[in-house]
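Asker: Questions regarding the structure given below will be posed in turn.
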Amino acid sequence: MPTDRRQFLAGTAAAGALGAAPALRAQSSSPLSALFDDLVQAQLRRSPELATNLGLDTGANAELRARLSDQSPAAVAAAKAETLAELKRLEAVNRRALSPDEQVDLDALLYTRRSAADVQRFDFGGSGYGPSPYVISQQTGAYQSVPDFLDTKHRIETAGDADAYLQRLRAFGRQMDAQTGRMRADVGKGVVPPDFLLDLTIVQLEKLAVPAEQALVVRSLATRAAAKGLGERYGRDAAALYTAEVLPALQRQLAYVREVRRSATHDAGIWKAPQGEAFYAVALRANTTASMSPAEVHRFGLDQAKAITARMDALLRAQGYTKGSVGARMAALTRNPKHLFPNTAEGKRQIIALCNERLAAIKGRLPAVFERMPPYAFEVRRVPPQTEAGAAGAFAQQPSLDGTRPGLVYFNLRDSADWPRFDLVTTTYHEGLPGHQMEGGLALSNTRLPLIRKINCFSGYGEGWALYSEQLADEIGMYDDDPLGRIGYLKAQLFRANRCVVDTGLHQYRWSRERAIQYFIDAQGDTRGDAAREIDRYCANPGQACSYKIGHSTFVDIRERAKAKMGGRFDLKAFHTAVLRHGRLPLDVLRQVGERWTNGSG
């Protein structure tokens, strides 16, 4: 899940935006404050969607509520120039004048701009869970992100909010046309999504390209404006705007994607594109923040998978599953009807209810191992049906800074057979507590952290922590009366190790989609549908899937080194505070923080 970190904006430009969350204002007057304030304000203006997600589209930033990010080639070029200018300002900071905490903040920001500059050297692509070679795919593009954003993030309380929604609806059409143009330019350079990703994209575009009365972006405004007593005018205006501007842009994008599909190949990896191998190396580094080559990541995944498989073998035998490979036995366990929910509306309601119950249960145990709890509400929801065909299996969205919107965990319930009970539980801990929502909520409510540090994401840290949280759930007893749940937890660990093997297999070793899917089926017993959805995600977002296990191993290694050196002085609560107090970090910076804490100097 993505987030960012920051020092709250000072001065006139930020005063209004901060008024909603005075408790979160940073207390220090760091020499970095003015620089960080400039950086975060620029980031919010580049991404008004981020401002809304954080609840910072108020006061002096209120005009951002009526805008969406500019997706034109000119805006992309401007963002590249801004990255280099910001990097130059950060590199000019006198490091010796900073406190140890401020040096960590500077190191983290330097990494973001250097990493962004590395990615932006490639004159193609967009973004999804990380750098993507494709502007439009089943997981990238405004078409698949904006409708849900408008429906769930853009608040409707007043006529002004509804007017801003209409302006964003018009901007949505412009975004899609700009991205269609960028895709056309990328295709001209030989950067073409594989045929199976385009098939998924076409399905999703077809679901969205419907008459106004069926369109989510129209129904959302009409229903919510009427509920606030604003009458029926906004529904009519949204329908007219959608019909005149949004639907034609959707249809133009759909037509072009269909055109590209006719000549697309089935090659899955980015190696096939010009500069593809170089792009993969940069994307792998950007996502993991670890200095590992694709070959090293591949071997790491194989070694980790071997060790985890041995543990699972013993646990499965204890449950009476003794025949066949671990993958075959997990497939049998997964197919057992007693572990599955009905693939019906009621069955899916039961899944969400179970996940919310497990979220509440673990929350009660966390004060025993954490010195501070995040001051936000959290809940589990279902991925909207209109986007579940191409959405990830599960993901989290952070709460707004002021807490008016809870932290959310989404499950993709397109097919309930993809979610046996023992998979649901550990995923709830990963995406919710003590995983993404824990570390994200602690960062958002940390009054020391600059705002820019709260909103920038490092996948190696964030996903590594979430995977470490699955292990922590086992360590605090969440599976003591649930042996199948413990097997599910180890399956999740194996899954992340195998991701390192498969992602590098696809993009470095030129595996086919079919080989990658079969690898997941054989190694861990996945259903074909679940495996295919995962593989398709890696094809659209190269390198990101490797960040989980590499990050997890980094947290565990820091902890074990600290235990060995500190002996009886080691305290788990204090360790968690040490690795969480700076917010998300590149893994090499996290190792430095862990070493200083272990040595008593930080």
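Labeling convention for the structure tokens: chains A, B, ... as they appear, residues from 1 per chain, ligands from 1 in order of appearance.
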Where does segment 186-277 of chain A meet segment 491-508 of chain A within 10 Å, residue by residue, with the nearest atom pair and distance in Å to one decimal for each, counting only C-alpha atoms, listed by chain and rising number, as CSV?

Answerer:
```
residue,atom,partner,partner_atom,distance
A:Asp267,CA,A:Leu506,CA,9.1
A:Ala268,CA,A:Leu506,CA,6.5
A:Gly269,CA,A:His507,CA,4.3
A:Ile270,CA,A:His507,CA,5.5
A:Trp271,CA,A:His507,CA,5.7
A:Lys272,CA,A:His507,CA,8.7
A:Gly276,CA,A:His507,CA,8.4
A:Glu277,CA,A:Gln508,CA,7.0
```

Asker: Among segment 48-194 of chain A, which ones does DSSP place in helix (DSSP H, G or I), written as JSON, numbers by chain?

Answerer: {"A": [48, 49, 50, 51, 52, 53, 54, 59, 60, 61, 62, 63, 64, 65, 66, 73, 74, 75, 76, 77, 78, 79, 80, 81, 82, 83, 84, 85, 86, 87, 88, 89, 90, 91, 95, 96, 97, 100, 101, 102, 103, 104, 105, 106, 107, 108, 109, 110, 111, 112, 113, 114, 115, 116, 117, 118, 119, 120, 142, 143, 144, 145, 146, 147, 148, 149, 150, 151, 152, 159, 160, 161, 162, 163, 164, 165, 166, 167, 168, 169, 170, 171, 172, 173, 174, 175, 176, 177, 178, 179, 180, 181, 182, 183, 184, 185, 186, 187, 188]}

Asker: How close does segment 26-80 of chain A get to segment 380-400 of chain A? List, as JSON lines, each residue of segment 26-80 of chain A within 7 Å, its nearest atom pair and the distance in Å to one decimal, counting only C-alpha atoms.

Answerer:
```
{"residue": "A:Asn53", "atom": "CA", "partner": "A:Ser400", "partner_atom": "CA", "distance": 6.0}
{"residue": "A:Leu54", "atom": "CA", "partner": "A:Ser400", "partner_atom": "CA", "distance": 4.5}
{"residue": "A:Gly55", "atom": "CA", "partner": "A:Ser400", "partner_atom": "CA", "distance": 5.4}
```

Asker: Could you give me, as a tab-separated table (two decimals) with N, CA and C atoms, in the first residue's frame, the residues within 7 Å of segment 330-343 of chain A, counting only C-alpha atoms and dropping anything in the same chain fewer than 5 positions from it?

Answerer:
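Below you can see part-v3.tsv, which holds the result:
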```tsv
chain	number	residue	atom	x	y	z
A	348	LYS	N	-19.73	-13.71	0.59
A	348	LYS	CA	-18.77	-12.61	0.56
A	348	LYS	C	-18.98	-11.67	1.76
A	415	ASP	N	-13.88	-14.21	-6.84
A	415	ASP	CA	-14.17	-15.63	-6.70
A	415	ASP	C	-13.79	-16.03	-5.27
A	416	SER	N	-14.78	-16.42	-4.48
A	416	SER	CA	-14.52	-16.77	-3.08
A	416	SER	C	-13.58	-17.95	-2.95
A	417	ALA	N	-13.48	-18.78	-3.99
A	417	ALA	CA	-12.57	-19.93	-3.92
A	417	ALA	C	-11.11	-19.51	-3.84
A	420	PRO	N	-9.62	-19.21	0.86
A	420	PRO	CA	-9.95	-20.09	1.99
A	420	PRO	C	-9.73	-19.35	3.30
A	421	ARG	N	-10.40	-19.78	4.32
A	421	ARG	CA	-10.37	-19.08	5.61
A	421	ARG	C	-8.94	-18.84	6.10
A	524	GLN	N	2.93	-23.88	-4.40
A	524	GLN	CA	2.18	-23.52	-3.20
A	524	GLN	C	0.70	-23.84	-3.28
A	525	GLY	N	0.28	-24.50	-4.36
A	525	GLY	CA	-1.10	-24.96	-4.42
A	525	GLY	C	-2.12	-23.89	-4.73
A	526	ASP	N	-1.72	-22.81	-5.38
A	526	ASP	CA	-2.67	-21.75	-5.73
A	526	ASP	C	-3.72	-22.25	-6.70
```

Asker: I need the residue nearest Pro375 of chain A from this list: A:Leu401, A:Leu50, A:Leu484, A:Leu587. Use only C-alpha atoms for the distance.

Answerer: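 Of A:Leu401, A:Leu50, A:Leu484, A:Leu587, the one nearest Pro375 of chain A is A:Leu401, counting only C-alpha atoms.
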
Asker: Taking the chain letters and numbering used in this document, name the residues of segment 317-438 of chain A that DSSP puts in strand (DSSP E), as a PyMOL selection string.

Answerer: chain A and resi 378-382+394-397+407-411

Asker: Hey, what's within 9 Å of Ala377 of chain A if we count only C-alpha atoms and toss same-chain stuff fewer than 4 positions away? As JSON, numbers by chain, please?

Answerer: {"A": [399, 403, 405, 406, 407, 408]}

Asker: Output N, CA and C atoms for every residue in the selection just made, as a compact mmCIF listing (two decimals), in the first residue's frame.

Answerer:
```
# COMPACT_ATOMS: atom_id res chain seq x y z
N PRO A 399 -5.71 5.95 6.31
CA PRO A 399 -6.75 6.88 6.71
C PRO A 399 -6.37 8.30 6.31
N GLY A 403 -8.37 11.72 10.43
CA GLY A 403 -9.14 10.60 10.95
C GLY A 403 -10.59 10.56 10.53
N ARG A 405 -11.72 9.75 7.66
CA ARG A 405 -11.89 8.54 6.87
C ARG A 405 -11.02 7.45 7.48
N PRO A 406 -11.56 6.28 7.76
CA PRO A 406 -10.77 5.23 8.41
C PRO A 406 -9.73 4.64 7.47
N GLY A 407 -8.76 3.94 8.04
CA GLY A 407 -7.87 3.11 7.24
C GLY A 407 -8.65 1.92 6.72
N LEU A 408 -8.48 1.61 5.45
CA LEU A 408 -9.29 0.57 4.81
C LEU A 408 -8.43 -0.59 4.31
```

Asker: So that I can check the surroundings of segment 113-117 of chain A, please list as a count of residues only every protein, DNA and RNA residue that reaches within 7 Å of it, counting only C-alpha atoms and ignoring chain neighbours fewer than 5 positions away.

Answerer: 4

Asker: Given only C-alpha atoms as the basis, pick out the residue of A:Ile455, A:Ala531, A:Val425, A:Ile476 nearest to Ala108 of chain A.

Answerer: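 Between A:Ile455, A:Ala531, A:Val425, A:Ile476, the residue approaching Ala108 of chain A most closely is A:Ile455.
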
Asker: List the spatial neighbours of Thr52 of chain A as a list in words - criterion: any atom at most 8 Å away, only C-alpha atoms, same-chain residues fewer than 5 positions off excluded.

Answerer: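 My reading of the contact set: Asp57, Leu64, Arg65, Lys153 and His154 of chain A.
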